[in-house]
$ cat coords-v1.cif   # mmCIF, C-alpha atoms
data_final
#
loop_
_atom_site.label_atom_id
_atom_site.label_comp_id
_atom_site.auth_asym_id
_atom_site.auth_seq_id
_atom_site.Cartn_x
_atom_site.Cartn_y
_atom_site.Cartn_z
CA GLU X 202 29.37 -40.98 -2.45
CA GLU X 203 27.78 -43.98 -4.15
CA GLY X 204 24.51 -43.17 -5.90
CA TRP X 205 25.08 -39.43 -5.70
CA LEU X 206 23.77 -37.38 -8.59
CA PRO X 207 23.98 -33.62 -9.17
CA THR X 208 20.81 -31.52 -9.20
CA VAL X 209 20.07 -29.36 -12.23
CA ALA X 210 17.62 -26.52 -11.59
CA LEU X 211 16.07 -24.52 -14.43
CA GLU X 212 14.04 -21.41 -13.65
CA ILE X 213 11.74 -19.89 -16.27
CA THR X 214 10.45 -16.45 -15.36
CA SER X 215 8.17 -16.02 -18.40
CA SER X 216 4.99 -18.09 -18.04
CA GLY X 217 3.83 -17.23 -21.56
CA ASN X 218 6.77 -18.72 -23.44
CA ASN X 219 5.14 -22.03 -24.38
CA ARG X 220 7.95 -23.39 -26.53
CA LEU X 221 10.64 -22.61 -23.96
CA ILE X 222 8.68 -24.29 -21.14
CA LYS X 223 7.99 -27.43 -23.17
CA ASN X 224 11.56 -27.71 -24.46
CA ALA X 225 13.06 -27.19 -21.00
CA CYS X 226 10.77 -29.82 -19.49
CA THR X 227 11.58 -32.33 -22.25
CA LEU X 228 15.32 -31.79 -21.84
CA LEU X 229 15.19 -32.06 -18.07
CA LYS X 230 13.17 -35.29 -18.18
CA GLU X 231 15.68 -36.79 -20.60
CA LEU X 232 18.51 -36.01 -18.20
CA ALA X 233 16.71 -36.91 -14.96
CA ALA X 234 14.35 -39.75 -15.94
CA ASP X 235 15.15 -41.32 -19.31
CA ASN X 236 18.93 -41.31 -18.81
CA PRO X 237 19.28 -40.54 -15.10
CA LEU X 238 22.38 -38.39 -15.00
CA CYS X 239 20.99 -35.93 -12.45
CA HIS X 240 18.02 -34.84 -10.41
CA GLY X 241 15.94 -32.22 -12.20
CA LEU X 242 14.04 -29.22 -10.88
CA LEU X 243 12.02 -26.94 -13.16
CA VAL X 244 10.87 -23.72 -11.49
CA LEU X 245 7.96 -21.95 -13.20
CA SER X 246 6.82 -18.41 -12.40
CA SER X 247 3.08 -19.12 -12.50
CA SER X 248 0.68 -22.02 -12.12
CA PHE X 249 -0.62 -20.96 -15.56
CA ALA X 250 2.60 -22.41 -16.98
CA VAL X 251 1.54 -25.88 -15.86
CA ALA X 252 -0.94 -25.80 -18.76
CA GLU X 253 2.01 -26.01 -21.14
CA LEU X 254 3.15 -29.35 -19.70
CA THR X 255 1.82 -32.75 -20.69
CA ASP X 256 0.31 -35.18 -18.21
CA ASP X 257 3.31 -37.34 -17.31
CA ARG X 258 2.68 -38.67 -13.82
CA TYR X 259 5.55 -41.17 -13.96
CA ARG X 260 8.31 -38.68 -14.80
CA GLN X 261 7.23 -35.46 -13.12
CA LEU X 262 5.79 -34.29 -9.83
CA PHE X 263 4.17 -30.90 -9.29
CA LEU X 264 4.83 -28.92 -6.14
CA ARG X 265 3.05 -25.57 -5.87
CA VAL X 266 4.44 -22.78 -3.71
CA GLY X 267 1.69 -20.25 -3.28
CA GLN X 268 0.79 -17.59 -0.76
CA PHE X 269 2.28 -17.46 2.71
CA SER X 270 0.14 -18.17 5.72
CA HIS X 271 -0.30 -15.18 8.04
CA ASP X 272 2.44 -16.45 10.36
CA GLU X 273 4.81 -17.23 7.48
CA ALA X 274 4.24 -13.77 6.03
CA SER X 275 4.89 -12.13 9.40
CA ALA X 276 8.13 -14.09 9.88
CA TYR X 277 9.22 -13.28 6.32
CA LEU X 278 8.78 -9.55 6.92
CA ASP X 279 10.61 -9.76 10.25
CA ALA X 280 13.59 -11.43 8.57
CA HIS X 281 13.71 -8.86 5.77
CA PHE X 282 13.42 -5.90 8.11
CA LYS X 283 16.26 -7.29 10.21
CA ALA X 284 18.45 -7.84 7.15
CA HIS X 285 17.76 -4.66 5.19
CA VAL X 286 16.47 -1.89 7.49
CA PRO X 287 18.39 -0.46 10.48
CA GLY X 288 16.89 -1.20 13.89
CA GLU X 289 16.39 2.46 14.76
CA ILE X 290 14.12 2.74 11.71
CA ALA X 291 12.40 -0.66 11.80
CA THR X 292 11.27 -0.32 15.41
CA VAL X 293 8.79 -2.73 16.94
CA ALA X 294 6.03 -0.14 16.68
CA ALA X 295 6.81 0.67 13.04
CA VAL X 296 7.04 -2.97 11.96
CA THR X 297 3.77 -3.73 13.75
CA ALA X 298 2.08 -0.85 11.93
CA VAL X 299 3.41 -2.09 8.59
CA LYS X 300 2.14 -5.61 9.20
CA GLU X 301 -1.29 -4.38 10.28
CA ARG X 302 -1.59 -2.45 7.02
CA ILE X 303 -0.10 -4.96 4.58
CA LEU X 304 -1.04 -8.46 5.77
CA PRO X 305 -4.83 -7.95 5.38
CA LEU X 306 -4.16 -7.09 1.72
CA THR X 307 -1.80 -9.82 0.53
CA THR X 308 0.55 -12.59 1.58
CA LEU X 309 2.09 -13.10 -1.85
CA PRO X 310 5.90 -13.52 -1.69
CA ASN X 311 6.50 -11.48 -4.86
CA ALA X 312 4.42 -8.62 -3.43
CA PHE X 313 6.58 -8.62 -0.31
CA ASP X 314 9.71 -8.42 -2.44
CA LEU X 315 8.37 -5.26 -4.09
CA LEU X 316 7.32 -3.89 -0.72
CA MET X 317 10.77 -4.38 0.79
CA GLN X 318 12.41 -2.68 -2.19
CA GLU X 319 10.39 0.39 -1.30
CA LEU X 320 10.82 0.19 2.48
CA SER X 321 14.56 -0.43 2.37
CA ASN X 322 15.01 3.23 1.35
CA SER X 323 13.28 4.56 4.48
CA THR X 324 15.14 7.31 6.31
CA ASN X 325 13.38 7.11 9.68
CA GLU X 326 10.58 5.38 11.55
CA ALA X 327 7.85 7.73 10.34
CA ASP X 328 9.11 7.47 6.76
CA LEU X 329 8.93 3.66 6.96
CA VAL X 330 5.28 3.73 8.01
CA ALA X 331 4.45 6.39 5.40
CA ARG X 332 6.10 4.39 2.62
CA ALA X 333 4.17 1.28 3.66
CA GLU X 334 0.91 3.23 3.60
CA ALA X 335 1.68 4.61 0.13
CA TRP X 336 2.57 1.12 -1.15
CA ALA X 337 -0.61 -0.35 0.34
CA SER X 338 -2.76 2.36 -1.26
CA LYS X 339 -1.19 1.69 -4.66
CA PHE X 340 -1.72 -2.05 -4.22
CA GLU X 341 -5.40 -1.51 -3.41
CA ALA X 342 -5.81 0.81 -6.40
CA ALA X 343 -4.13 -1.73 -8.70
CA ALA X 344 -6.42 -4.47 -7.36
CA ARG X 345 -9.48 -2.37 -8.17
CA THR X 346 -8.14 -1.78 -11.69
CA ASP X 347 -7.45 -5.50 -12.14
CA VAL X 348 -10.93 -6.50 -10.98
CA GLU X 349 -12.70 -3.87 -13.07
CA GLY X 350 -10.71 -4.87 -16.16
CA ALA X 351 -11.29 -8.57 -15.54
CA GLY X 352 -15.03 -7.98 -15.40
CA ASN X 353 -15.25 -7.39 -19.13
CA SER X 354 -16.69 -10.84 -19.90
CA VAL X 355 -13.27 -12.51 -20.01
CA LEU X 356 -14.78 -15.97 -19.57
CA ASN X 357 -18.10 -15.65 -21.40
CA ILE X 358 -18.27 -19.39 -22.05
CA PHE X 359 -21.40 -21.06 -23.42
CA ILE X 360 -22.22 -24.61 -22.35
CA ARG X 361 -25.18 -26.96 -22.43
CA ASP X 362 -26.61 -28.03 -19.11
CA LYS X 363 -28.14 -31.42 -18.34
CA THR X 364 -31.47 -30.39 -19.86
CA GLY X 365 -29.77 -29.45 -23.12
CA LYS X 366 -30.33 -25.73 -22.61
CA GLU X 367 -27.44 -23.47 -23.58
CA ARG X 368 -26.26 -21.20 -20.76
CA CYS X 369 -23.51 -18.62 -20.40
CA PHE X 370 -21.38 -17.58 -17.44
CA THR X 371 -19.05 -14.60 -17.19
CA THR X 372 -16.21 -13.34 -15.05
CA HIS X 373 -18.70 -11.57 -12.78
CA ASP X 374 -20.36 -14.95 -12.16
CA LEU X 375 -16.98 -16.32 -11.09
CA MET X 376 -16.41 -13.35 -8.78
CA ARG X 377 -19.83 -13.83 -7.17
CA GLU X 378 -19.17 -17.52 -6.61
CA LEU X 379 -15.82 -16.76 -4.96
CA LEU X 380 -17.43 -14.11 -2.77
CA ASN X 381 -20.22 -16.50 -1.78
CA THR X 382 -17.87 -19.36 -0.88
CA GLY X 383 -15.15 -17.22 0.72
CA ALA X 384 -12.61 -19.81 -0.44
CA PRO X 385 -11.04 -21.23 -3.61
CA VAL X 386 -13.52 -22.84 -6.00
CA THR X 387 -12.87 -26.15 -7.72
CA LEU X 388 -12.65 -25.74 -11.46
CA PRO X 389 -15.28 -27.49 -13.63
CA ARG X 390 -14.43 -31.01 -14.68
CA ALA X 391 -13.92 -32.02 -18.29
CA THR X 392 -17.02 -34.22 -18.02
CA PHE X 393 -19.02 -30.99 -17.97
CA ASN X 394 -17.42 -29.98 -21.29
CA VAL X 395 -15.69 -27.07 -19.55
CA PRO X 396 -12.18 -28.44 -18.91
CA SER X 397 -9.93 -26.68 -16.42
CA ASP X 398 -7.48 -25.52 -19.06
CA MET X 399 -10.28 -23.58 -20.78
CA PHE X 400 -10.48 -21.36 -17.72
CA ALA X 401 -6.74 -20.84 -17.76
CA THR X 402 -6.72 -20.10 -21.48
CA LYS X 403 -9.53 -17.58 -21.17
CA ILE X 404 -8.05 -15.81 -18.18
CA ARG X 405 -4.58 -15.66 -19.73
CA THR X 406 -5.95 -13.56 -22.58
CA SER X 407 -6.41 -10.64 -20.17
CA ASP X 408 -3.60 -9.05 -18.16
CA GLU X 409 -6.16 -7.76 -15.66
CA ALA X 410 -7.72 -11.19 -15.22
CA LYS X 411 -4.33 -12.83 -14.74
CA ALA X 412 -3.65 -10.31 -12.00
CA ALA X 413 -7.11 -10.58 -10.43
CA PHE X 414 -7.36 -14.37 -10.21
CA ASN X 415 -5.11 -17.21 -9.22
CA VAL X 416 -5.87 -20.25 -11.36
CA ASP X 417 -4.07 -23.24 -9.89
CA LEU X 418 -3.91 -25.98 -12.48
CA VAL X 419 -2.18 -28.27 -10.00
CA SER X 420 -5.01 -28.36 -7.45
CA LYS X 421 -7.62 -27.46 -10.12
CA THR X 422 -8.91 -24.45 -8.19
CA VAL X 423 -9.39 -20.74 -8.79
CA ASP X 424 -9.44 -17.88 -6.26
CA PHE X 425 -8.86 -14.16 -6.09
CA ALA X 426 -5.19 -13.25 -6.34
CA SER X 427 -5.25 -11.49 -2.97
CA ALA X 428 -7.53 -10.26 -0.22
CA ALA X 429 -7.34 -6.81 -1.82
CA HIS X 430 -8.77 -8.24 -5.05
CA ARG X 431 -11.54 -9.97 -3.09
CA LYS X 432 -12.42 -6.67 -1.40
CA ALA X 433 -12.37 -4.83 -4.73
CA ALA X 434 -14.72 -7.41 -6.27
CA ALA X 435 -17.12 -7.10 -3.34
CA GLU X 436 -17.16 -3.32 -3.80
CA LEU X 437 -17.63 -3.65 -7.56
CA LEU X 438 -20.52 -6.08 -7.30
CA SER X 439 -22.01 -4.57 -4.11
CA LEU X 440 -24.16 -7.30 -2.59
CA PRO X 441 -23.68 -10.43 -4.71
CA PRO X 442 -26.85 -12.31 -5.57
CA PRO X 443 -27.39 -15.88 -4.34
CA THR X 444 -25.43 -18.58 -6.12
CA SER X 445 -27.10 -19.45 -9.41
CA PHE X 446 -28.23 -22.93 -10.35
CA LEU X 447 -25.71 -22.87 -13.18
CA TRP X 448 -22.74 -22.32 -10.89
CA SER X 449 -24.01 -24.87 -8.37
CA TRP X 450 -24.22 -27.40 -11.14
CA LEU X 451 -20.87 -26.51 -12.65
CA PHE X 452 -18.89 -26.61 -9.43
CA GLY X 453 -20.76 -29.39 -7.69
CA ARG X 454 -22.01 -27.26 -4.79
CA ARG X 455 -25.19 -28.09 -2.94
CA LEU X 456 -27.63 -25.30 -2.17
#
$ encode --input "coords-v1.cif" --output "structure tokens"
Amino acid sequence: EEGWLPTVALEITSSGNNRLIKNACTLLKELAADNPLCHGLLVLSSSFAVAELTDDRYRQLFLRVGQFSHDEASAYLDAHFKAHVPGEIATVAAVTAVKERILPLTTLPNAFDLLMQELSNSTNEADLVARAEAWASKFEAAARTDVEGAGNSVLNIFIRDKTGKERCFTTHDLMRELLNTGAPVTLPRATFNVPSDMFATKIRTSDEAKAAFNVDLVSKTVDFASAAHRKAAAELLSLPPPTSFLWSWLFGRRL
């Protein structure tokens, strides 16, 4: 067919391998843009990896695939149960019970993959529900560990506000802001001397913080990694205080 070009897809599962990510992107752009011999697709395992790529709006386009919606997650589980678990085990009642336990905790695709690995070994209907409960309890415990570990002043960034006074904000400040808004928070702009990649760099220094937060360098937002992490943060901080002036100024919110 005239104009047809093959598609080359490269998938990098390690988001911390800076050199590999940069080299793969450079090679793919040479093949797909500079000397168009193919279409190129670079699949990265984390939005953190976007920080390793240069701003090249004419030769690359970012497309982020994040969490499922509730309906997408429900359909995904239905498809996997049908494909991997016998019908006499994955009954309507059992699948409903699993969804009611899991979906309020997370809609992350990779979490569902781990869940299905566990549930595919179920021997009967009761075992399926019990395995889901055990998995959910472990997920909640891991979320609490992530949040507690991330609270050790991972950010701890000092800036100067508009009055020239030096202020500091910490990971707990970020958690409180996310709890107050109930939604992703826009990262500070570089004009405030706190560029978005500083957040990513700080959070990537802690395994717990990487697990507790989702920093999206494509949309320039940050949120808890899952509903379970949000719940764990609320429990850790009890009743969060009102949003501080500092955070309102940083993130452009109006009190």
$ atom_distance --input "coords-v1.cif" --atom1 "CA of Thr371 in chain X" --atom2 "CA of Ala413 in chain X"
14.3 Å
$ resolve_selection --input "coords-v1.cif" --expression "the PyMOL selection byres ((chain X and resi 281) around 12)" --output "ChimeraX atom specification"
/X:274-280,282-288,291,296,310,313-318,320-321
$ atom_distance --input "coords-v1.cif" --atom1 "CA of Leu304 in chain X" --atom2 "CA of Asn381 in chain X"
22.1 Å
$ atom_distance --input "coords-v1.cif" --atom1 "CA of Leu375 in chain X" --atom2 "CA of Val419 in chain X"
19.1 Å
$ axis_aligned_box --input "coords-v1.cif" --around "range 370-374 of chain X" --padding-each-side "6 Å" --output "lines of an AutoDock Vina configuration file"
center_x = -18.8
center_y = -14.6
center_z = -14.8
size_x = 17.2
size_y = 18.0
size_z = 17.3
$ resolve_selection --input "coords-v1.cif" --expression "the PyMOL selection byres ((chain X and resi 241-244) around 6)" --output "list in words"
Thr208, Val209, Ala210, Leu211, Glu212, Leu229, Ala233, His240 and Leu245 of chain X
$ write_last_selection --input "coords-v1.cif" --atoms "C-alpha atoms" --output "PDB file, in the coordinates of the input"
ATOM      1  CA  THR X 208      20.810 -31.520  -9.200  1.00  0.00           C
ATOM      2  CA  VAL X 209      20.070 -29.360 -12.230  1.00  0.00           C
ATOM      3  CA  ALA X 210      17.620 -26.520 -11.590  1.00  0.00           C
ATOM      4  CA  LEU X 211      16.070 -24.520 -14.430  1.00  0.00           C
ATOM      5  CA  GLU X 212      14.040 -21.410 -13.650  1.00  0.00           C
ATOM      6  CA  LEU X 229      15.190 -32.060 -18.070  1.00  0.00           C
ATOM      7  CA  ALA X 233      16.710 -36.910 -14.960  1.00  0.00           C
ATOM      8  CA  HIS X 240      18.020 -34.840 -10.410  1.00  0.00           C
ATOM      9  CA  LEU X 245       7.960 -21.950 -13.200  1.00  0.00           C
TER      10      LEU X 245
END
$ closest_residue --input "coords-v1.cif" --among "X:Leu438, X:Val330, X:Leu309, X:Ala351" --to "Ile290 in chain X" --atoms "all atoms listed in the file"
X:Val330
$ resolve_selection --input "coords-v1.cif" --expression "the PyMOL selection byres ((chain X and resi 337) around 12)" --output "CSV table (one decimal) with C-alpha atoms, in the coordinates of the input"
chain,number,residue,atom,x,y,z
X,298,ALA,CA,2.1,-0.8,11.9
X,299,VAL,CA,3.4,-2.1,8.6
X,300,LYS,CA,2.1,-5.6,9.2
X,301,GLU,CA,-1.3,-4.4,10.3
X,302,ARG,CA,-1.6,-2.4,7.0
X,303,ILE,CA,-0.1,-5.0,4.6
X,304,LEU,CA,-1.0,-8.5,5.8
X,305,PRO,CA,-4.8,-8.0,5.4
X,306,LEU,CA,-4.2,-7.1,1.7
X,307,THR,CA,-1.8,-9.8,0.5
X,312,ALA,CA,4.4,-8.6,-3.4
X,313,PHE,CA,6.6,-8.6,-0.3
X,315,LEU,CA,8.4,-5.3,-4.1
X,316,LEU,CA,7.3,-3.9,-0.7
X,319,GLU,CA,10.4,0.4,-1.3
X,320,LEU,CA,10.8,0.2,2.5
X,330,VAL,CA,5.3,3.7,8.0
X,331,ALA,CA,4.4,6.4,5.4
X,332,ARG,CA,6.1,4.4,2.6
X,333,ALA,CA,4.2,1.3,3.7
X,334,GLU,CA,0.9,3.2,3.6
X,335,ALA,CA,1.7,4.6,0.1
X,336,TRP,CA,2.6,1.1,-1.2
X,338,SER,CA,-2.8,2.4,-1.3
X,339,LYS,CA,-1.2,1.7,-4.7
X,340,PHE,CA,-1.7,-2.0,-4.2
X,341,GLU,CA,-5.4,-1.5,-3.4
X,342,ALA,CA,-5.8,0.8,-6.4
X,343,ALA,CA,-4.1,-1.7,-8.7
X,344,ALA,CA,-6.4,-4.5,-7.4
X,429,ALA,CA,-7.3,-6.8,-1.8
$ residues_around --input "coords-v1.cif" --residues "Val423 in chain X" --least-positions-apart "5" --cutoff "8 Å" --atoms "all atoms listed in the file" --output "PDB file with C-alpha atoms, in the frame of the given file"
ATOM      1  CA  PRO X 385     -11.040 -21.230  -3.610  1.00  0.00           C
ATOM      2  CA  VAL X 386     -13.520 -22.840  -6.000  1.00  0.00           C
ATOM      3  CA  THR X 387     -12.870 -26.150  -7.720  1.00  0.00           C
ATOM      4  CA  LEU X 388     -12.650 -25.740 -11.460  1.00  0.00           C
ATOM      5  CA  PHE X 414      -7.360 -14.370 -10.210  1.00  0.00           C
ATOM      6  CA  ASN X 415      -5.110 -17.210  -9.220  1.00  0.00           C
ATOM      7  CA  VAL X 416      -5.870 -20.250 -11.360  1.00  0.00           C
ATOM      8  CA  ASP X 417      -4.070 -23.240  -9.890  1.00  0.00           C
TER       9      ASP X 417
END
$ residues_around --input "coords-v1.cif" --residues "range 261-263 of chain X" --least-positions-apart "3" --cutoff "9 Å" --atoms "only C-alpha atoms" --output "list in words"
Lys230, Ala234, Val251, Asp256, Asp257, Arg258 and Val419 of chain X
$ closest_residue --input "coords-v1.cif" --among "X:Leu380, X:Asn219, X:Ile404, X:Thr324" --to "Asn357 in chain X" --atoms "all atoms listed in the file"
X:Ile404
$ residues_near_point --input "coords-v1.cif" --point "(-16.0, -5.2, -2.9)" --cutoff "12 Å" --atoms "only C-alpha atoms" --output "JSON, numbers by chain"
{"X": [341, 344, 345, 348, 349, 376, 377, 379, 380, 425, 428, 429, 430, 431, 432, 433, 434, 435, 436, 437, 438, 439, 440, 441]}
